[in-house]
Amino acid sequence: MGFTDDFSDCMNGKTLPPELANALPSPKAALAFAAQLVKGATVEEALIAVGVGAEAAAAVAAVVVAVAVGVIIGAVVGCALVAAGGSVGLGSILASMDSSDTDVLQGALADAGFNPSDVAAA
């Protein structure tokens with residue numbers, strides 16, 4: 001099983017729609033999406049920012065409209081940690097991301113159990 005399967009299983013376990021999990025095919029995309037939400041973007045805007053087409057982003061946003069943004073952020077970050085844990089080092093994923101995204105994710109990553117000093121070092 002790869003990231004997509006593990007991430008989808010985790011997201012579905014958190015009662016988030018599979019459409020959201022399917023729109024985020026990599027740990028980097030998932031964390032960048034969460035960072036966009038932390039920065040204040042809507043779900044649709046955040047999905048478009050990570051490369052999801054406008055029509056697909058609108059469809060996913062319509063499905064998750066009743067879910068609180070904080071719940072989505074927590075689930076996405078937590079599931080990205082779980083799914084990336086064995087096969088890909090999360091530190092290397094964070095190192096490849098824009099530093100402003102990494103900065104805004106520090107609190108969410110710490111809440112999900114990732115060591116904040118590792119985030120700062122990435």
# chains A, B, ... in the order shown; residues from 1 in each chain; ligands from 1

call {"tool": "residues_around", "arguments": {"residues": "A:Ala62", "least_positions_apart": "4", "cutoff": "10 Å", "atoms": "only C-alpha atoms", "output": "ChimeraX atom specification"}}
result
/A:43-44,56-58,66

call {"tool": "select_by_dssp", "arguments": {"residues": "stretch 6-122 of chain A", "states": "alpha helix (DSSP H)", "output": "NGL selection string"}}
result
:A and (6-13 or 18-23 or 27-38 or 43-49 or 54-63 or 69-84 or 90-95 or 99-111 or 116-121)

call {"tool": "closest_residue", "arguments": {"among": "A:Val60, A:Val38, A:Ile72, A:Ala54", "to": "A:Thr15", "atoms": "only C-alpha atoms"}}
result
A:Ile72

call {"tool": "residues_around", "arguments": {"residues": "A:Val104", "least_positions_apart": "4", "cutoff": "9 Å", "atoms": "only C-alpha atoms", "output": "CSV table (one decimal) with N, CA, C and O atoms, in the first residue's frame"}}
result
chain,number,residue,atom,x,y,z
A,35,ALA,N,-1.9,23.8,4.8
A,35,ALA,CA,-1.3,25.1,5.0
A,35,ALA,C,-2.2,26.2,4.4
A,35,ALA,O,-2.3,27.3,5.0
A,36,GLN,N,-2.7,26.0,3.2
A,36,GLN,CA,-3.6,27.0,2.6
A,36,GLN,C,-4.8,27.2,3.5
A,36,GLN,O,-5.3,28.4,3.6
A,38,VAL,N,-5.0,26.9,6.8
A,38,VAL,CA,-4.5,27.6,8.0
A,38,VAL,C,-4.4,29.1,7.6
A,38,VAL,O,-4.7,30.0,8.4
A,39,LYS,N,-3.9,29.4,6.4
A,39,LYS,CA,-3.8,30.8,6.0
A,39,LYS,C,-5.1,31.5,5.7
A,39,LYS,O,-5.1,32.6,5.4
A,99,SER,N,8.6,27.6,2.7
A,99,SER,CA,8.8,27.8,4.1
A,99,SER,C,7.6,28.5,4.8
A,99,SER,O,7.3,28.2,5.9
A,100,SER,N,6.9,29.3,4.0
A,100,SER,CA,5.7,29.9,4.6
A,100,SER,C,4.6,28.9,4.9
A,100,SER,O,3.9,29.0,5.9
A,108,ALA,N,-0.3,22.8,13.8
A,108,ALA,CA,-1.0,21.7,13.4
A,108,ALA,C,-0.2,20.4,13.4
A,108,ALA,O,-0.7,19.3,13.9

call {"tool": "closest_residue", "arguments": {"among": "A:Ala34, A:Leu109, A:Met97, A:Ile48", "to": "A:Val82", "atoms": "only C-alpha atoms"}}
result
A:Leu109

call {"tool": "residues_around", "arguments": {"residues": "A:Leu37", "least_positions_apart": "6", "cutoff": "9 Å", "atoms": "only C-alpha atoms", "output": "list in words"}}
result
Val43, Glu45, Ala46, Val69, Gly70, Ile72 and Ile73 of chain A

call {"tool": "closest_residue", "arguments": {"among": "A:Ile93, A:Lys14, A:Gly53, A:Leu47", "to": "A:Leu81", "atoms": "only C-alpha atoms"}}
result
A:Ile93

call {"tool": "closest_atom_pairs", "arguments": {"of": "stretch 37-87 of chain A", "to": "stretch 5-9 of chain A", "cutoff": "8 Å", "atoms": "only C-alpha atoms", "output": "JSON lines"}}
result
{"residue": "A:Cys79", "atom": "CA", "partner": "A:Phe7", "partner_atom": "CA", "distance": 5.6}
{"residue": "A:Ala80", "atom": "CA", "partner": "A:Phe7", "partner_atom": "CA", "distance": 6.3}
{"residue": "A:Val82", "atom": "CA", "partner": "A:Phe7", "partner_atom": "CA", "distance": 7.5}
{"residue": "A:Ala83", "atom": "CA", "partner": "A:Asp6", "partner_atom": "CA", "distance": 5.1}

call {"tool": "residues_around", "arguments": {"residues": "A:Gly51", "least_positions_apart": "6", "cutoff": "10 Å", "atoms": "only C-alpha atoms", "output": "ChimeraX atom specification"}}
result
/A:23-24,29,33,57

call {"tool": "closest_residue", "arguments": {"among": "A:Asp101, A:Val77, A:Gln106, A:Ser92", "to": "A:Ala49", "atoms": "only C-alpha atoms"}}
result
A:Asp101

call {"tool": "closest_residue", "arguments": {"among": "A:Gly13, A:Phe3, A:Val52, A:Ala30", "to": "A:Ala84", "atoms": "only C-alpha atoms"}}
result
A:Phe3

call {"tool": "closest_residue", "arguments": {"among": "A:Val67, A:Val76, A:Leu94, A:Ala110", "to": "A:Ala21", "atoms": "only C-alpha atoms"}}
result
A:Val76

call {"tool": "atom_distance", "arguments": {"atom1": "atom CA of A:Ala95", "atom2": "atom CA of A:Asn22"}}
result
23.7 Å

call {"tool": "atom_distance", "arguments": {"atom1": "atom CA of A:Ala32", "atom2": "atom CA of A:Val50"}}
result
6.6 Å
